[in-house]
$ cat entry31.pdb   # PDB, C-alpha atoms, pLDDT in the B column
ATOM      1  CA  MET O   1       0.000   0.000   0.000  1.00 51.00           C
ATOM      2  CA  PRO O   2       1.514   3.393  -0.997  1.00 62.00           C
ATOM      3  CA  ARG O   3       2.289   5.840   1.786  1.00 78.00           C
ATOM      4  CA  THR O   4      -0.122   8.761   1.741  1.00 78.00           C
ATOM      5  CA  ASP O   5       2.563  11.163   2.970  1.00 88.00           C
ATOM      6  CA  ARG O   6       4.368  10.732  -0.359  1.00 95.00           C
ATOM      7  CA  PHE O   7       1.510  12.509  -2.183  1.00 97.00           C
ATOM      8  CA  LEU O   8       1.094  16.287  -2.440  1.00 97.00           C
ATOM      9  CA  ASP O   9      -1.314  18.676  -4.096  1.00 98.00           C
ATOM     10  CA  ILE O  10      -0.216  22.152  -5.287  1.00 98.00           C
ATOM     11  CA  ARG O  11      -2.889  24.429  -6.702  1.00 97.00           C
ATOM     12  CA  ARG O  12      -4.799  27.671  -6.213  1.00 97.00           C
ATOM     13  CA  ASP O  13      -7.805  27.793  -3.927  1.00 96.00           C
ATOM     14  CA  PRO O  14     -10.921  28.115  -6.156  1.00 94.00           C
ATOM     15  CA  HIS O  15     -12.504  30.692  -3.820  1.00 95.00           C
ATOM     16  CA  SER O  16      -9.585  32.902  -2.702  1.00 95.00           C
ATOM     17  CA  ASP O  17      -7.162  32.215  -5.602  1.00 96.00           C
ATOM     18  CA  GLU O  18      -4.422  31.715  -2.994  1.00 97.00           C
ATOM     19  CA  LEU O  19      -1.639  29.258  -3.833  1.00 98.00           C
ATOM     20  CA  PHE O  20      -1.499  26.290  -1.436  1.00 98.00           C
ATOM     21  CA  ALA O  21       0.528  23.090  -1.124  1.00 98.00           C
ATOM     22  CA  ARG O  22      -1.014  20.262   0.893  1.00 97.00           C
ATOM     23  CA  GLY O  23       0.217  16.848   1.981  1.00 96.00           C
ATOM     24  CA  GLY O  24       3.658  15.340   2.331  1.00 96.00           C
ATOM     25  CA  ASP O  25       5.899  14.416   5.238  1.00 96.00           C
ATOM     26  CA  LEU O  26       8.600  16.440   7.010  1.00 95.00           C
ATOM     27  CA  GLU O  27      11.071  15.965   4.163  1.00 96.00           C
ATOM     28  CA  ALA O  28       8.500  17.287   1.692  1.00 97.00           C
ATOM     29  CA  HIS O  29       7.793  20.239   3.999  1.00 97.00           C
ATOM     30  CA  SER O  30      11.508  21.055   4.030  1.00 97.00           C
ATOM     31  CA  ILE O  31      11.575  20.999   0.213  1.00 97.00           C
ATOM     32  CA  LEU O  32       8.516  23.272   0.047  1.00 98.00           C
ATOM     33  CA  GLN O  33      10.041  25.758   2.458  1.00 98.00           C
ATOM     34  CA  ARG O  34      13.352  25.806   0.595  1.00 97.00           C
ATOM     35  CA  ALA O  35      11.352  26.527  -2.571  1.00 97.00           C
ATOM     36  CA  GLY O  36       9.824  29.558  -0.821  1.00 97.00           C
ATOM     37  CA  PHE O  37       6.531  28.337   0.662  1.00 98.00           C
ATOM     38  CA  LEU O  38       5.509  29.283   4.211  1.00 98.00           C
ATOM     39  CA  ALA O  39       4.159  26.758   6.703  1.00 97.00           C
ATOM     40  CA  VAL O  40       0.612  27.167   8.075  1.00 97.00           C
ATOM     41  CA  VAL O  41       0.266  25.031  11.212  1.00 95.00           C
ATOM     42  CA  ARG O  42      -3.271  24.029  12.129  1.00 92.00           C
ATOM     43  CA  LEU O  43      -4.574  21.708  14.839  1.00 89.00           C
ATOM     44  CA  HIS O  44      -5.096  18.753  12.499  1.00 87.00           C
ATOM     45  CA  GLU O  45      -2.770  19.535   9.598  1.00 89.00           C
ATOM     46  CA  THR O  46       0.154  21.562   8.337  1.00 93.00           C
ATOM     47  CA  HIS O  47      -0.104  22.990   4.851  1.00 97.00           C
ATOM     48  CA  HIS O  48       1.921  25.622   2.988  1.00 98.00           C
ATOM     49  CA  ARG O  49       1.093  28.887   1.252  1.00 98.00           C
ATOM     50  CA  ALA O  50       2.903  31.298  -1.021  1.00 98.00           C
ATOM     51  CA  PRO O  51       4.344  34.438   0.651  1.00 98.00           C
ATOM     52  CA  ALA O  52       2.163  37.536   0.578  1.00 97.00           C
ATOM     53  CA  GLY O  53       2.720  40.164  -2.077  1.00 97.00           C
ATOM     54  CA  LEU O  54       3.970  37.942  -4.914  1.00 97.00           C
ATOM     55  CA  SER O  55       2.790  38.474  -8.452  1.00 97.00           C
ATOM     56  CA  GLU O  56       0.988  35.664 -10.233  1.00 96.00           C
ATOM     57  CA  ASP O  57       4.090  34.992 -12.341  1.00 97.00           C
ATOM     58  CA  ASP O  58       6.285  34.789  -9.235  1.00 98.00           C
ATOM     59  CA  GLU O  59       3.837  32.386  -7.595  1.00 98.00           C
ATOM     60  CA  SER O  60       3.853  30.208 -10.716  1.00 97.00           C
ATOM     61  CA  ARG O  61       7.661  30.087 -10.709  1.00 98.00           C
ATOM     62  CA  LEU O  62       7.633  29.210  -6.997  1.00 98.00           C
ATOM     63  CA  ALA O  63       5.099  26.402  -7.512  1.00 98.00           C
ATOM     64  CA  THR O  64       6.902  25.028 -10.586  1.00 98.00           C
ATOM     65  CA  ASP O  65      10.205  24.965  -8.713  1.00 98.00           C
ATOM     66  CA  ALA O  66       8.568  23.126  -5.804  1.00 98.00           C
ATOM     67  CA  VAL O  67       6.993  20.548  -8.141  1.00 98.00           C
ATOM     68  CA  ALA O  68      10.351  19.898  -9.816  1.00 98.00           C
ATOM     69  CA  HIS O  69      12.220  19.404  -6.531  1.00 98.00           C
ATOM     70  CA  LEU O  70       9.479  17.277  -4.973  1.00 98.00           C
ATOM     71  CA  ARG O  71       9.234  14.951  -7.957  1.00 98.00           C
ATOM     72  CA  GLY O  72      13.018  14.782  -8.116  1.00 97.00           C
ATOM     73  CA  ALA O  73      12.912  13.523  -4.515  1.00 96.00           C
ATOM     74  CA  GLY O  74      10.398  10.809  -5.416  1.00 96.00           C
ATOM     75  CA  TYR O  75       7.143  12.454  -4.341  1.00 97.00           C
ATOM     76  CA  HIS O  76       3.906  12.202  -6.318  1.00 98.00           C
ATOM     77  CA  VAL O  77       2.662  15.740  -6.965  1.00 98.00           C
ATOM     78  CA  ASP O  78      -0.749  16.602  -8.395  1.00 98.00           C
ATOM     79  CA  CYS O  79      -0.751  20.176  -9.651  1.00 98.00           C
ATOM     80  CA  GLU O  80      -2.355  22.605 -12.063  1.00 96.00           C
ATOM     81  CA  ALA O  81      -1.143  22.583 -15.658  1.00 97.00           C
ATOM     82  CA  PRO O  82       0.889  25.851 -15.375  1.00 96.00           C
ATOM     83  CA  PHE O  83       2.987  24.319 -12.582  1.00 98.00           C
ATOM     84  CA  ASP O  84       3.681  20.999 -14.323  1.00 98.00           C
ATOM     85  CA  THR O  85       7.302  20.440 -15.328  1.00 97.00           C
ATOM     86  CA  ASP O  86       9.652  17.692 -16.434  1.00 97.00           C
ATOM     87  CA  ALA O  87      12.638  19.402 -14.785  1.00 96.00           C
ATOM     88  CA  ARG O  88      14.443  17.394 -12.086  1.00 96.00           C
ATOM     89  CA  PRO O  89      17.026  19.632 -10.387  1.00 95.00           C
ATOM     90  CA  ALA O  90      20.132  18.084  -8.885  1.00 93.00           C
ATOM     91  CA  ARG O  91      19.866  17.291  -5.171  1.00 90.00           C
ATOM     92  CA  TYR O  92      22.587  18.292  -2.741  1.00 89.00           C
ATOM     93  CA  PRO O  93      22.851  17.347   0.949  1.00 89.00           C
ATOM     94  CA  ALA O  94      21.308  19.994   3.191  1.00 90.00           C
ATOM     95  CA  LEU O  95      23.495  21.536   5.880  1.00 90.00           C
ATOM     96  CA  GLY O  96      21.322  19.989   8.580  1.00 92.00           C
ATOM     97  CA  ALA O  97      22.012  16.502   7.201  1.00 91.00           C
ATOM     98  CA  SER O  98      25.647  16.734   8.296  1.00 90.00           C
ATOM     99  CA  VAL O  99      24.480  17.553  11.830  1.00 93.00           C
ATOM    100  CA  SER O 100      21.940  14.712  11.802  1.00 93.00           C
ATOM    101  CA  HIS O 101      24.800  12.413  10.781  1.00 95.00           C
ATOM    102  CA  LEU O 102      26.162  12.905  14.309  1.00 96.00           C
ATOM    103  CA  ALA O 103      23.059  11.179  15.686  1.00 96.00           C
ATOM    104  CA  GLY O 104      23.765   8.123  13.562  1.00 95.00           C
ATOM    105  CA  ARG O 105      27.359   8.025  14.782  1.00 96.00           C
ATOM    106  CA  LEU O 106      26.202   8.316  18.405  1.00 96.00           C
ATOM    107  CA  ARG O 107      23.792   5.413  17.923  1.00 95.00           C
ATOM    108  CA  GLU O 108      26.757   3.281  16.837  1.00 94.00           C
ATOM    109  CA  ALA O 109      29.246   4.521  19.456  1.00 96.00           C
ATOM    110  CA  THR O 110      30.640   1.701  21.602  1.00 95.00           C
ATOM    111  CA  ASP O 111      32.428   3.647  24.362  1.00 96.00           C
ATOM    112  CA  THR O 112      32.439   7.013  26.129  1.00 97.00           C
ATOM    113  CA  ASP O 113      35.602   8.215  24.377  1.00 97.00           C
ATOM    114  CA  GLU O 114      33.948   7.795  20.994  1.00 97.00           C
ATOM    115  CA  ALA O 115      30.764   9.554  22.186  1.00 97.00           C
ATOM    116  CA  ALA O 116      32.817  12.438  23.611  1.00 98.00           C
ATOM    117  CA  GLY O 117      34.625  12.874  20.300  1.00 97.00           C
ATOM    118  CA  ILE O 118      31.340  13.045  18.416  1.00 97.00           C
ATOM    119  CA  LEU O 119      29.892  15.505  20.929  1.00 97.00           C
ATOM    120  CA  THR O 120      32.895  17.775  20.338  1.00 97.00           C
ATOM    121  CA  GLU O 121      31.447  18.589  16.915  1.00 97.00           C
ATOM    122  CA  LEU O 122      28.546  20.270  18.736  1.00 97.00           C
ATOM    123  CA  THR O 123      30.499  21.957  21.520  1.00 97.00           C
ATOM    124  CA  ALA O 124      33.814  23.070  19.965  1.00 97.00           C
ATOM    125  CA  PRO O 125      34.110  26.739  21.014  1.00 95.00           C
ATOM    126  CA  HIS O 126      35.390  28.115  17.700  1.00 95.00           C
ATOM    127  CA  ASP O 127      33.769  26.068  14.938  1.00 95.00           C
ATOM    128  CA  GLY O 128      31.281  23.743  16.653  1.00 96.00           C
ATOM    129  CA  VAL O 129      27.651  23.544  15.585  1.00 97.00           C
ATOM    130  CA  LEU O 130      26.333  25.481  18.601  1.00 97.00           C
ATOM    131  CA  ALA O 131      28.945  28.208  18.188  1.00 97.00           C
ATOM    132  CA  GLY O 132      27.735  28.590  14.603  1.00 96.00           C
ATOM    133  CA  VAL O 133      24.101  28.798  15.744  1.00 97.00           C
ATOM    134  CA  GLU O 134      24.976  31.503  18.268  1.00 97.00           C
ATOM    135  CA  GLU O 135      26.901  33.511  15.664  1.00 97.00           C
ATOM    136  CA  THR O 136      24.075  33.171  13.135  1.00 97.00           C
ATOM    137  CA  LEU O 137      21.495  34.452  15.636  1.00 97.00           C
ATOM    138  CA  GLY O 138      23.747  37.435  16.334  1.00 96.00           C
ATOM    139  CA  ALA O 139      24.059  38.191  12.623  1.00 97.00           C
ATOM    140  CA  LEU O 140      20.270  37.933  12.208  1.00 97.00           C
ATOM    141  CA  ALA O 141      19.799  40.329  15.140  1.00 97.00           C
ATOM    142  CA  GLU O 142      22.106  42.833  13.433  1.00 96.00           C
ATOM    143  CA  PHE O 143      20.055  42.458  10.250  1.00 97.00           C
ATOM    144  CA  PHE O 144      16.814  43.292  12.087  1.00 97.00           C
ATOM    145  CA  ASP O 145      18.426  46.164  13.973  1.00 94.00           C
ATOM    146  CA  GLY O 146      18.921  48.097  10.756  1.00 89.00           C
ATOM    147  CA  LEU O 147      15.821  47.006   8.882  1.00 94.00           C
ATOM    148  CA  GLY O 148      13.783  50.116   9.676  1.00 91.00           C
ATOM    149  CA  SER O 149      10.415  48.951  11.041  1.00 94.00           C
ATOM    150  CA  ALA O 150       9.283  50.000  14.525  1.00 95.00           C
ATOM    151  CA  ALA O 151       9.110  46.364  15.710  1.00 95.00           C
ATOM    152  CA  ASP O 152      12.515  45.373  14.323  1.00 97.00           C
ATOM    153  CA  PRO O 153      14.612  46.468  17.359  1.00 96.00           C
ATOM    154  CA  TYR O 154      12.384  44.314  19.591  1.00 97.00           C
ATOM    155  CA  THR O 155      12.949  41.323  17.293  1.00 97.00           C
ATOM    156  CA  ALA O 156      16.697  41.986  17.405  1.00 97.00           C
ATOM    157  CA  ARG O 157      16.692  42.043  21.209  1.00 97.00           C
ATOM    158  CA  ARG O 158      14.677  38.809  21.245  1.00 97.00           C
ATOM    159  CA  LEU O 159      17.245  37.102  19.005  1.00 97.00           C
ATOM    160  CA  HIS O 160      20.109  38.273  21.235  1.00 97.00           C
ATOM    161  CA  TYR O 161      18.174  36.882  24.214  1.00 97.00           C
ATOM    162  CA  LEU O 162      17.764  33.498  22.523  1.00 97.00           C
ATOM    163  CA  ALA O 163      21.484  33.357  21.754  1.00 96.00           C
ATOM    164  CA  ASP O 164      22.557  34.443  25.246  1.00 94.00           C
ATOM    165  CA  GLU O 165      20.037  32.648  27.444  1.00 94.00           C
ATOM    166  CA  TYR O 166      19.223  29.490  25.511  1.00 96.00           C
ATOM    167  CA  VAL O 167      21.983  28.569  23.081  1.00 97.00           C
ATOM    168  CA  ARG O 168      24.755  29.387  25.553  1.00 95.00           C
ATOM    169  CA  VAL O 169      23.056  27.378  28.297  1.00 96.00           C
ATOM    170  CA  ILE O 170      22.697  24.363  25.973  1.00 97.00           C
ATOM    171  CA  HIS O 171      26.309  24.848  24.857  1.00 97.00           C
ATOM    172  CA  SER O 172      27.585  24.954  28.437  1.00 96.00           C
ATOM    173  CA  ASP O 173      25.525  21.954  29.513  1.00 97.00           C
ATOM    174  CA  LEU O 174      26.630  19.779  26.591  1.00 97.00           C
ATOM    175  CA  ALA O 175      30.274  20.828  27.040  1.00 97.00           C
ATOM    176  CA  HIS O 176      30.052  19.625  30.654  1.00 97.00           C
ATOM    177  CA  THR O 177      28.467  16.361  29.467  1.00 97.00           C
ATOM    178  CA  ARG O 178      31.315  15.890  26.987  1.00 97.00           C
ATOM    179  CA  GLU O 179      33.899  16.342  29.744  1.00 97.00           C
ATOM    180  CA  GLN O 180      32.136  13.752  31.887  1.00 97.00           C
ATOM    181  CA  LEU O 181      32.157  11.256  29.011  1.00 97.00           C
ATOM    182  CA  ALA O 182      35.811  11.908  28.177  1.00 97.00           C
ATOM    183  CA  ASP O 183      36.874  11.237  31.794  1.00 97.00           C
ATOM    184  CA  ARG O 184      35.041   7.900  32.119  1.00 95.00           C
ATOM    185  CA  HIS O 185      36.758   5.656  29.526  1.00 95.00           C
ATOM    186  CA  ASP O 186      33.896   3.126  29.745  1.00 95.00           C
ATOM    187  CA  SER O 187      32.629   0.709  27.142  1.00 94.00           C
ATOM    188  CA  HIS O 188      28.908   0.769  26.537  1.00 93.00           C
ATOM    189  CA  PRO O 189      27.541  -2.458  28.063  1.00 91.00           C
ATOM    190  CA  GLY O 190      24.896  -2.829  25.369  1.00 88.00           C
ATOM    191  CA  ARG O 191      27.185  -2.239  22.391  1.00 87.00           C
ATOM    192  CA  ARG O 192      30.428  -3.638  21.075  1.00 74.00           C
ATOM    193  CA  ALA O 193      32.315  -3.433  17.831  1.00 66.00           C
ATOM    194  CA  CYS O 194      32.072  -6.525  15.628  1.00 64.00           C
ATOM    195  CA  ALA O 195      35.543  -7.906  14.864  1.00 62.00           C
ATOM    196  CA  GLU O 196      34.112 -10.469  12.388  1.00 63.00           C
ATOM    197  CA  GLN O 197      36.509 -13.098  13.773  1.00 65.00           C
ATOM    198  CA  VAL O 198      35.858 -16.683  14.812  1.00 64.00           C
ATOM    199  CA  PRO O 199      36.984 -17.577  18.367  1.00 63.00           C
ATOM    200  CA  ASP O 200      39.451 -20.444  18.859  1.00 67.00           C
ATOM    201  CA  HIS O 201      36.860 -22.627  20.587  1.00 69.00           C
ATOM    202  CA  GLU O 202      34.390 -22.341  17.689  1.00 65.00           C
ATOM    203  CA  PRO O 203      34.073 -25.793  16.018  1.00 65.00           C
ATOM    204  CA  GLU O 204      32.311 -24.428  12.942  1.00 66.00           C
ATOM    205  CA  ARG O 205      35.243 -22.829  11.124  1.00 58.00           C
ATOM    206  CA  SER O 206      33.078 -21.535   8.270  1.00 58.00           C
ATOM    207  CA  ALA O 207      31.553 -18.947  10.590  1.00 55.00           C
ATOM    208  CA  VAL O 208      32.753 -15.407   9.950  1.00 59.00           C
ATOM    209  CA  CYS O 209      31.298 -13.543  12.920  1.00 61.00           C
ATOM    210  CA  ALA O 210      31.603 -14.243  16.619  1.00 55.00           C
ATOM    211  CA  CYS O 211      28.740 -11.967  17.619  1.00 61.00           C
ATOM    212  CA  PRO O 212      25.870 -13.804  19.284  1.00 57.00           C
ATOM    213  CA  PRO O 213      22.560 -13.740  17.416  1.00 57.00           C
ATOM    214  CA  PRO O 214      19.995 -11.227  18.670  1.00 55.00           C
ATOM    215  CA  PRO O 215      17.613 -12.630  21.272  1.00 52.00           C
ATOM    216  CA  ARG O 216      14.492 -14.100  19.771  1.00 57.00           C
ATOM    217  CA  ALA O 217      11.284 -12.642  21.094  1.00 53.00           C
ATOM    218  CA  LEU O 218       8.632 -15.143  22.044  1.00 55.00           C
ATOM    219  CA  PRO O 219       5.332 -14.624  20.222  1.00 57.00           C
ATOM    220  CA  ALA O 220       2.635 -13.037  22.336  1.00 57.00           C
ATOM    221  CA  PRO O 221      -0.261 -15.326  23.210  1.00 60.00           C
ATOM    222  CA  ALA O 222      -3.403 -14.837  21.153  1.00 58.00           C
ATOM    223  CA  PRO O 223      -6.107 -12.788  22.900  1.00 59.00           C
ATOM    224  CA  PRO O 224      -9.264 -14.631  23.962  1.00 57.00           C
ATOM    225  CA  PRO O 225     -12.216 -14.411  21.569  1.00 54.00           C
ATOM    226  CA  VAL O 226     -14.343 -11.339  22.065  1.00 50.00           C
ATOM    227  CA  GLY O 227     -17.387 -12.171  24.167  1.00 51.00           C
ATOM    228  CA  ALA O 228     -16.166 -15.647  25.053  1.00 48.00           C
ATOM    229  CA  ALA O 229     -17.738 -16.916  28.254  1.00 49.00           C
ATOM    230  CA  ARG O 230     -16.061 -19.244  30.727  1.00 51.00           C
ATOM    231  CA  LEU O 231     -17.691 -22.690  30.727  1.00 51.00           C
ATOM    232  CA  ARG O 232     -19.192 -23.819  34.001  1.00 51.00           C
ATOM    233  CA  ARG O 233     -18.596 -27.368  35.221  1.00 49.00           C
TER     234      ARG O 233
END

$ encode --input "entry31.pdb" --output "structure tokens"
Amino acid sequence: MPRTDRFLDIRRDPHSDELFARGGDLEAHSILQRAGFLAVVRLHETHHRAPAGLSEDDESRLATDAVAHLRGAGYHVDCEAPFDTDARPARYPALGASVSHLAGRLREATDTDEAAGILTELTAPHDGVLAGVEETLGALAEFFDGLGSAADPYTARRLHYLADEYVRVIHSDLAHTREQLADRHDSHPGRRACAEQVPDHEPERSAVCACPPPPRALPAPAPPPVGAARLRR
């Protein structure tokens, strides 16, 4: 059965003529937002709309670009004829993917030294991920400070607050966690690296891995029939 979150619909609302994109999973939402759509979060759904103030031609280009990138990523997109395209732009890894790669490495880490080394990529004071987030928030605050609207200085102060009170606290906490891990020198009891070697006592010499097989889960007993009554003797 096909996954419903792999299907999207991009078209104009017949009543308001607004351009909407509906459907898709989080990856599709990321593609839509990189194409220029804005997320509209509702209680039971999240859909996307075109930014305010665009001309009809600009909206068409935005929708066509989104259709091309979504289909290039393997999504099924139903759209109006003006947005249909055979273009399939090249895909490049997003910046966030390199950060998410750290999670995969942590899931495979077998000791505290390895975990501490991976965590360093987040906490390094000069070029770690969190240092980059803090610097980016500061640059965005500077951008708002000179933008000219009456509310912009408030937004700038809010961004400085987020960098100072939240990102720095997370940075400090994780740096302390990294130091704790680096001092322990412990192997993870639930993980070990596979050497793919046969032990000397193994009689079956054709085996290539000494790792024990994963424990086999016993099947759960079948539930009693609905409405079944206990028989009386």

$ resolve_selection --input "entry31.pdb" --expression "the PyMOL selection byres ((chain O and resi 116) around 12)" --output "PyMOL selection string"
chain O and resi 102+105-106+109-115+117-124+174-186

$ closest_residue --input "entry31.pdb" --among "O:His101, O:Arg49, O:Arg168, O:His69" --to "O:Asp86" --atoms "all atoms listed in the file"
O:His69

$ closest_residue --input "entry31.pdb" --among "O:Val129, O:Leu147, O:Ala21, O:Ala141" --to "O:Ser100" --atoms "all atoms listed in the file"
O:Val129

$ axis_aligned_box --input "entry31.pdb" --around "stretch 123-134 of chain O" --padding-each-side "3 Å" --output "AutoDock Vina command-line options"
--center_x 29.7 --center_y 26.7 --center_z 18.1 --size_x 17.3 --size_y 15.5 --size_z 12.9

$ resolve_selection --input "entry31.pdb" --expression "the PyMOL selection byres ((chain O and resi 19) around 12)" --output "PyMOL selection string"
chain O and resi 9-18+20-22+36-38+47-64+79-80+83

$ write_last_selection --input "entry31.pdb" --atoms "C-alpha atoms" --output "short mmCIF file (atom, residue, chain, number, x, y, z; two decimals), keeping the file's coordinate frame"
data_model
loop_
_atom_site.label_atom_id
_atom_site.label_comp_id
_atom_site.auth_asym_id
_atom_site.auth_seq_id
_atom_site.Cartn_x
_atom_site.Cartn_y
_atom_site.Cartn_z
CA ASP O 9 -1.31 18.68 -4.10
CA ILE O 10 -0.22 22.15 -5.29
CA ARG O 11 -2.89 24.43 -6.70
CA ARG O 12 -4.80 27.67 -6.21
CA ASP O 13 -7.80 27.79 -3.93
CA PRO O 14 -10.92 28.12 -6.16
CA HIS O 15 -12.50 30.69 -3.82
CA SER O 16 -9.59 32.90 -2.70
CA ASP O 17 -7.16 32.22 -5.60
CA GLU O 18 -4.42 31.72 -2.99
CA PHE O 20 -1.50 26.29 -1.44
CA ALA O 21 0.53 23.09 -1.12
CA ARG O 22 -1.01 20.26 0.89
CA GLY O 36 9.82 29.56 -0.82
CA PHE O 37 6.53 28.34 0.66
CA LEU O 38 5.51 29.28 4.21
CA HIS O 47 -0.10 22.99 4.85
CA HIS O 48 1.92 25.62 2.99
CA ARG O 49 1.09 28.89 1.25
CA ALA O 50 2.90 31.30 -1.02
CA PRO O 51 4.34 34.44 0.65
CA ALA O 52 2.16 37.54 0.58
CA GLY O 53 2.72 40.16 -2.08
CA LEU O 54 3.97 37.94 -4.91
CA SER O 55 2.79 38.47 -8.45
CA GLU O 56 0.99 35.66 -10.23
CA ASP O 57 4.09 34.99 -12.34
CA ASP O 58 6.28 34.79 -9.24
CA GLU O 59 3.84 32.39 -7.60
CA SER O 60 3.85 30.21 -10.72
CA ARG O 61 7.66 30.09 -10.71
CA LEU O 62 7.63 29.21 -7.00
CA ALA O 63 5.10 26.40 -7.51
CA THR O 64 6.90 25.03 -10.59
CA CYS O 79 -0.75 20.18 -9.65
CA GLU O 80 -2.36 22.60 -12.06
CA PHE O 83 2.99 24.32 -12.58
#

$ closest_residue --input "entry31.pdb" --among "O:His76, O:Arg34, O:His160, O:Arg191" --to "O:Leu8" --atoms "only C-alpha atoms"
O:His76

$ closest_residue --input "entry31.pdb" --among "O:Leu130, O:Ile170, O:Val41, O:Val77" --to "O:Asp5" --atoms "only C-alpha atoms"
O:Val77

$ closest_residue --input "entry31.pdb" --among "O:Glu108, O:Gly74, O:Asp164, O:Thr155" --to "O:Glu134" --atoms "only C-alpha atoms"
O:Asp164

$ decode --input "entry31.pdb" --residues "stretch 168-183 of chain O" --atoms "N, CA and C atoms" --output "short mmCIF file (atom, residue, chain, number, x, y, z; two decimals), in the first residue's frame"
data_model
loop_
_atom_site.label_atom_id
_atom_site.label_comp_id
_atom_site.auth_asym_id
_atom_site.auth_seq_id
_atom_site.Cartn_x
_atom_site.Cartn_y
_atom_site.Cartn_z
N ARG O 168 23.57 29.48 24.69
CA ARG O 168 24.76 29.39 25.55
C ARG O 168 24.56 28.41 26.70
N VAL O 169 23.33 28.35 27.23
CA VAL O 169 23.06 27.38 28.30
C VAL O 169 23.17 25.95 27.76
N ILE O 170 22.59 25.70 26.59
CA ILE O 170 22.70 24.36 25.97
C ILE O 170 24.16 24.04 25.69
N HIS O 171 24.89 25.03 25.17
CA HIS O 171 26.31 24.85 24.86
C HIS O 171 27.09 24.47 26.11
N SER O 172 26.87 25.21 27.19
CA SER O 172 27.59 24.95 28.44
C SER O 172 27.24 23.58 29.01
N ASP O 173 25.97 23.24 28.97
CA ASP O 173 25.53 21.95 29.51
C ASP O 173 26.13 20.78 28.73
N LEU O 174 26.10 20.87 27.40
CA LEU O 174 26.63 19.78 26.59
C LEU O 174 28.15 19.70 26.70
N ALA O 175 28.82 20.86 26.85
CA ALA O 175 30.27 20.83 27.04
C ALA O 175 30.63 20.10 28.34
N HIS O 176 29.84 20.33 29.39
CA HIS O 176 30.05 19.63 30.65
C HIS O 176 29.80 18.13 30.49
N THR O 177 28.75 17.77 29.74
CA THR O 177 28.47 16.36 29.47
C THR O 177 29.61 15.71 28.71
N ARG O 178 30.18 16.42 27.75
CA ARG O 178 31.31 15.89 26.99
C ARG O 178 32.51 15.62 27.90
N GLU O 179 32.77 16.54 28.83
CA GLU O 179 33.90 16.34 29.74
C GLU O 179 33.68 15.11 30.63
N GLN O 180 32.44 14.93 31.08
CA GLN O 180 32.14 13.75 31.89
C GLN O 180 32.39 12.46 31.10
N LEU O 181 31.94 12.44 29.84
CA LEU O 181 32.16 11.26 29.01
C LEU O 181 33.64 11.00 28.78
N ALA O 182 34.39 12.07 28.49
CA ALA O 182 35.81 11.91 28.18
C ALA O 182 36.61 11.40 29.37
N ASP O 183 36.17 11.68 30.59
CA ASP O 183 36.87 11.24 31.79
C ASP O 183 36.56 9.80 32.18
#
